[in-house]
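In what follows, a structure is listed as structure tokens, so that the remarks can point back to it.
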Amino acid sequence: MDAVTKVREYARAGIPRYWVVDRDSAQTVTLHELGGEGRYVEQARMPLAWLLQTAPADHLG
């Protein structure tokens with residue numbers, strides 16, 4: 001659902017970025033940003049524990 005359906009719907013709506021938390025042992029978080037072609041590009045990937053110790057602005061370009 002997050003990797004296919006939501007991606008298309010978010011891109012159509014023009015949502016500039018979205019985050020996905022995987023159910024792996026590190027709870028890996030991936031930041032996707034909407035590119036000029038209307039497709040999302042992976043911008044960052046990090047463990048949730050690390051992300052929670054940083055400011056959101058540190059991850060936005």
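Convention: chains lettered A, B, ... in structure tokens order; per-chain residue numbering from 1; ligands numbered from 1 as shown.
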
Compile the contact shell of segment 47-50 of chain A as an mmCIF file with N, CA, C and O atoms, in the first residue's frame: residues with an atom at most 12 Å away, counting only C-alpha atoms, same-chain residues fewer than 5 positions apart removed.
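Result file part_17.cif:
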```cif
data_model
loop_
_atom_site.group_PDB
_atom_site.id
_atom_site.type_symbol
_atom_site.label_atom_id
_atom_site.label_comp_id
_atom_site.auth_asym_id
_atom_site.auth_seq_id
_atom_site.Cartn_x
_atom_site.Cartn_y
_atom_site.Cartn_z
ATOM 1 N N TRP A 19 7.356 10.099 4.356
ATOM 2 C CA TRP A 19 8.259 9.226 5.100
ATOM 3 C C TRP A 19 7.615 7.845 5.211
ATOM 4 O O TRP A 19 6.413 7.739 5.422
ATOM 5 N N VAL A 20 8.433 6.797 5.117
ATOM 6 C CA VAL A 20 7.960 5.431 5.284
ATOM 7 C C VAL A 20 8.812 4.782 6.369
ATOM 8 O O VAL A 20 10.039 4.874 6.330
ATOM 9 N N VAL A 21 8.159 4.151 7.342
ATOM 10 C CA VAL A 21 8.865 3.419 8.397
ATOM 11 C C VAL A 21 8.705 1.933 8.107
ATOM 12 O O VAL A 21 7.584 1.423 8.036
ATOM 13 N N ASP A 22 9.836 1.251 7.913
ATOM 14 C CA ASP A 22 9.816 -0.184 7.650
ATOM 15 C C ASP A 22 9.689 -0.953 8.957
ATOM 16 O O ASP A 22 10.051 -0.454 10.022
ATOM 17 N N ARG A 23 9.224 -2.174 8.852
ATOM 18 C CA ARG A 23 9.063 -3.026 10.031
ATOM 19 C C ARG A 23 10.289 -3.901 10.254
ATOM 20 O O ARG A 23 10.177 -5.001 10.782
ATOM 21 N N ASP A 24 11.458 -3.418 9.894
ATOM 22 C CA ASP A 24 12.678 -4.172 10.130
ATOM 23 C C ASP A 24 13.158 -3.931 11.561
ATOM 24 O O ASP A 24 12.550 -3.160 12.303
ATOM 25 N N SER A 25 14.254 -4.559 11.942
ATOM 26 C CA SER A 25 14.723 -4.452 13.332
ATOM 27 C C SER A 25 15.124 -3.030 13.713
ATOM 28 O O SER A 25 15.009 -2.641 14.862
ATOM 29 N N ALA A 26 15.597 -2.230 12.757
ATOM 30 C CA ALA A 26 16.004 -0.855 13.044
ATOM 31 C C ALA A 26 14.866 0.138 12.845
ATOM 32 O O ALA A 26 15.028 1.315 13.089
ATOM 33 N N GLN A 27 13.709 -0.360 12.396
ATOM 34 C CA GLN A 27 12.602 0.516 12.025
ATOM 35 C C GLN A 27 13.131 1.620 11.099
ATOM 36 O O GLN A 27 13.035 2.807 11.380
ATOM 37 N N THR A 28 13.690 1.190 9.990
ATOM 38 C CA THR A 28 14.311 2.108 9.037
ATOM 39 C C THR A 28 13.278 3.079 8.484
ATOM 40 O O THR A 28 12.195 2.696 8.070
ATOM 41 N N VAL A 29 13.645 4.366 8.470
ATOM 42 C CA VAL A 29 12.789 5.422 7.943
ATOM 43 C C VAL A 29 13.394 5.904 6.631
ATOM 44 O O VAL A 29 14.590 6.176 6.558
ATOM 45 N N THR A 30 12.560 5.999 5.607
ATOM 46 C CA THR A 30 13.012 6.482 4.306
ATOM 47 C C THR A 30 12.235 7.734 3.945
ATOM 48 O O THR A 30 11.006 7.746 4.002
ATOM 49 N N LEU A 31 12.959 8.799 3.590
ATOM 50 C CA LEU A 31 12.354 10.054 3.158
ATOM 51 C C LEU A 31 12.336 10.079 1.640
ATOM 52 O O LEU A 31 13.367 9.873 0.997
ATOM 53 N N ALA A 55 16.544 17.145 14.531
ATOM 54 C CA ALA A 55 15.463 18.072 14.210
ATOM 55 C C ALA A 55 14.938 17.783 12.807
ATOM 56 O O ALA A 55 15.720 17.455 11.907
ATOM 57 N N PRO A 56 13.635 17.878 12.584
ATOM 58 C CA PRO A 56 13.080 17.610 11.242
ATOM 59 C C PRO A 56 13.756 18.438 10.146
ATOM 60 O O PRO A 56 13.988 17.942 9.059
ATOM 61 N N ASP A 58 16.718 19.149 9.783
ATOM 62 C CA ASP A 58 18.002 18.564 9.401
ATOM 63 C C ASP A 58 17.876 17.637 8.193
ATOM 64 O O ASP A 58 18.862 17.320 7.544
ATOM 65 N N HIS A 59 16.660 17.220 7.869
ATOM 66 C CA HIS A 59 16.437 16.232 6.823
ATOM 67 C C HIS A 59 15.723 16.795 5.609
ATOM 68 O O HIS A 59 15.424 16.061 4.687
#
```

Q | All alpha helix (DSSP H) residues (DSSP, backbone) inside chain A, as a PyMOL selection string | A | chain A and resi 5-13+48-51

Q: Identify, with DSSP run on backbone atoms, the residues in chain A assigned to strand (DSSP E), and express the list as a count of residues only.
A: 20

Q | Nearby residues (only C-alpha atoms) at most 10 Å from segment 7-13 of chain A, same-chain spacing under 3 positions excluded, as an NGL selection string | A | :A and (1-4 or 16-18 or 32-35 or 37-40)

May I have the selected residues written with all heavy atoms, as a compact mmCIF listing (two decimals), in the first residue's frame?
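See result-v5.txt below for the written result:
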```
# COMPACT_ATOMS: atom_id res chain seq x y z
N MET A 1 0.82 -1.19 0.00
CA MET A 1 0.00 0.00 0.00
C MET A 1 0.87 1.27 0.00
O MET A 1 0.67 2.15 -0.82
CB MET A 1 -0.91 -0.04 1.23
CG MET A 1 -1.87 1.08 1.27
SD MET A 1 -3.25 0.73 0.20
CE MET A 1 -4.50 1.69 0.94
N ASP A 2 1.85 1.35 0.93
CA ASP A 2 2.71 2.54 1.02
C ASP A 2 3.60 2.69 -0.21
O ASP A 2 3.90 3.80 -0.63
CB ASP A 2 3.60 2.49 2.26
CG ASP A 2 2.81 2.71 3.54
OD1 ASP A 2 1.76 3.35 3.49
OD2 ASP A 2 3.27 2.24 4.59
N ALA A 3 4.04 1.58 -0.77
CA ALA A 3 5.02 1.62 -1.85
C ALA A 3 4.40 1.77 -3.24
O ALA A 3 5.09 2.11 -4.19
CB ALA A 3 5.88 0.36 -1.82
N VAL A 4 3.10 1.54 -3.37
CA VAL A 4 2.48 1.61 -4.70
C VAL A 4 1.30 2.58 -4.72
O VAL A 4 1.36 3.62 -5.35
CB VAL A 4 2.03 0.21 -5.16
CG1 VAL A 4 1.37 0.28 -6.53
CG2 VAL A 4 3.21 -0.76 -5.20
N PRO A 16 4.80 17.18 -1.38
CA PRO A 16 6.23 17.31 -1.69
C PRO A 16 7.13 16.23 -1.11
O PRO A 16 8.17 15.93 -1.67
CB PRO A 16 6.60 18.67 -1.13
CG PRO A 16 5.56 18.98 -0.11
CD PRO A 16 4.32 18.27 -0.54
N ARG A 17 6.76 15.63 0.02
CA ARG A 17 7.60 14.58 0.60
C ARG A 17 6.76 13.68 1.50
O ARG A 17 5.74 14.09 2.02
CB ARG A 17 8.78 15.16 1.36
CG ARG A 17 8.44 15.98 2.56
CD ARG A 17 9.65 16.67 3.19
NE ARG A 17 10.35 17.53 2.30
CZ ARG A 17 10.05 18.81 2.08
NH1 ARG A 17 9.06 19.36 2.73
NH2 ARG A 17 10.74 19.53 1.24
N TYR A 18 7.24 12.45 1.65
CA TYR A 18 6.61 11.55 2.60
C TYR A 18 7.66 10.60 3.17
O TYR A 18 8.70 10.39 2.59
CB TYR A 18 5.42 10.79 1.98
CG TYR A 18 5.78 9.64 1.07
CD1 TYR A 18 5.79 8.34 1.55
CD2 TYR A 18 6.09 9.85 -0.25
CE1 TYR A 18 6.10 7.29 0.72
CE2 TYR A 18 6.40 8.81 -1.09
CZ TYR A 18 6.41 7.52 -0.60
OH TYR A 18 6.73 6.49 -1.42
N HIS A 32 11.16 10.33 1.07
CA HIS A 32 10.99 10.45 -0.37
C HIS A 32 10.56 11.88 -0.67
O HIS A 32 9.71 12.43 0.02
CB HIS A 32 9.90 9.50 -0.87
CG HIS A 32 10.16 8.07 -0.55
ND1 HIS A 32 10.87 7.23 -1.37
CD2 HIS A 32 9.81 7.32 0.52
CE1 HIS A 32 10.93 6.03 -0.84
NE2 HIS A 32 10.30 6.06 0.32
N GLU A 33 11.14 12.47 -1.73
CA GLU A 33 10.75 13.82 -2.15
C GLU A 33 10.26 13.77 -3.59
O GLU A 33 10.82 13.05 -4.42
CB GLU A 33 11.91 14.80 -2.02
CG GLU A 33 12.21 15.14 -0.58
CD GLU A 33 13.20 16.28 -0.44
OE1 GLU A 33 13.78 16.73 -1.44
OE2 GLU A 33 13.38 16.73 0.70
N LEU A 34 9.23 14.54 -3.88
CA LEU A 34 8.65 14.59 -5.21
C LEU A 34 9.60 15.33 -6.15
O LEU A 34 9.98 16.48 -5.89
CB LEU A 34 7.30 15.31 -5.14
CG LEU A 34 6.41 15.23 -6.37
CD1 LEU A 34 6.10 13.79 -6.75
CD2 LEU A 34 5.12 16.00 -6.13
N GLY A 35 9.99 14.66 -7.23
CA GLY A 35 10.89 15.26 -8.20
C GLY A 35 10.12 16.01 -9.28
O GLY A 35 8.88 16.01 -9.32
N GLU A 37 9.63 15.35 -12.31
CA GLU A 37 8.88 14.52 -13.25
C GLU A 37 7.63 13.93 -12.62
O GLU A 37 7.00 13.04 -13.19
CB GLU A 37 9.79 13.40 -13.76
CG GLU A 37 11.01 13.93 -14.47
CD GLU A 37 12.13 12.92 -14.51
OE1 GLU A 37 11.94 11.78 -14.05
OE2 GLU A 37 13.21 13.28 -14.98
N GLY A 38 7.28 14.40 -11.42
CA GLY A 38 6.10 13.88 -10.74
C GLY A 38 6.30 12.52 -10.11
O GLY A 38 5.34 11.84 -9.79
N ARG A 39 7.56 12.14 -9.92
CA ARG A 39 7.88 10.86 -9.26
C ARG A 39 8.71 11.15 -8.01
O ARG A 39 9.47 12.10 -7.97
CB ARG A 39 8.70 9.96 -10.18
CG ARG A 39 7.92 9.49 -11.38
CD ARG A 39 8.79 8.59 -12.24
NE ARG A 39 8.05 8.14 -13.39
CZ ARG A 39 7.53 6.93 -13.49
NH1 ARG A 39 7.70 6.05 -12.53
NH2 ARG A 39 6.86 6.59 -14.56
N TYR A 40 8.56 10.27 -7.03
CA TYR A 40 9.32 10.43 -5.80
C TYR A 40 10.72 9.86 -5.94
O TYR A 40 10.93 8.84 -6.59
CB TYR A 40 8.60 9.76 -4.63
CG TYR A 40 7.40 10.55 -4.17
CD1 TYR A 40 6.13 10.19 -4.55
CD2 TYR A 40 7.56 11.67 -3.37
CE1 TYR A 40 5.02 10.92 -4.13
CE2 TYR A 40 6.47 12.42 -2.96
CZ TYR A 40 5.21 12.03 -3.34
OH TYR A 40 4.13 12.77 -2.94
```
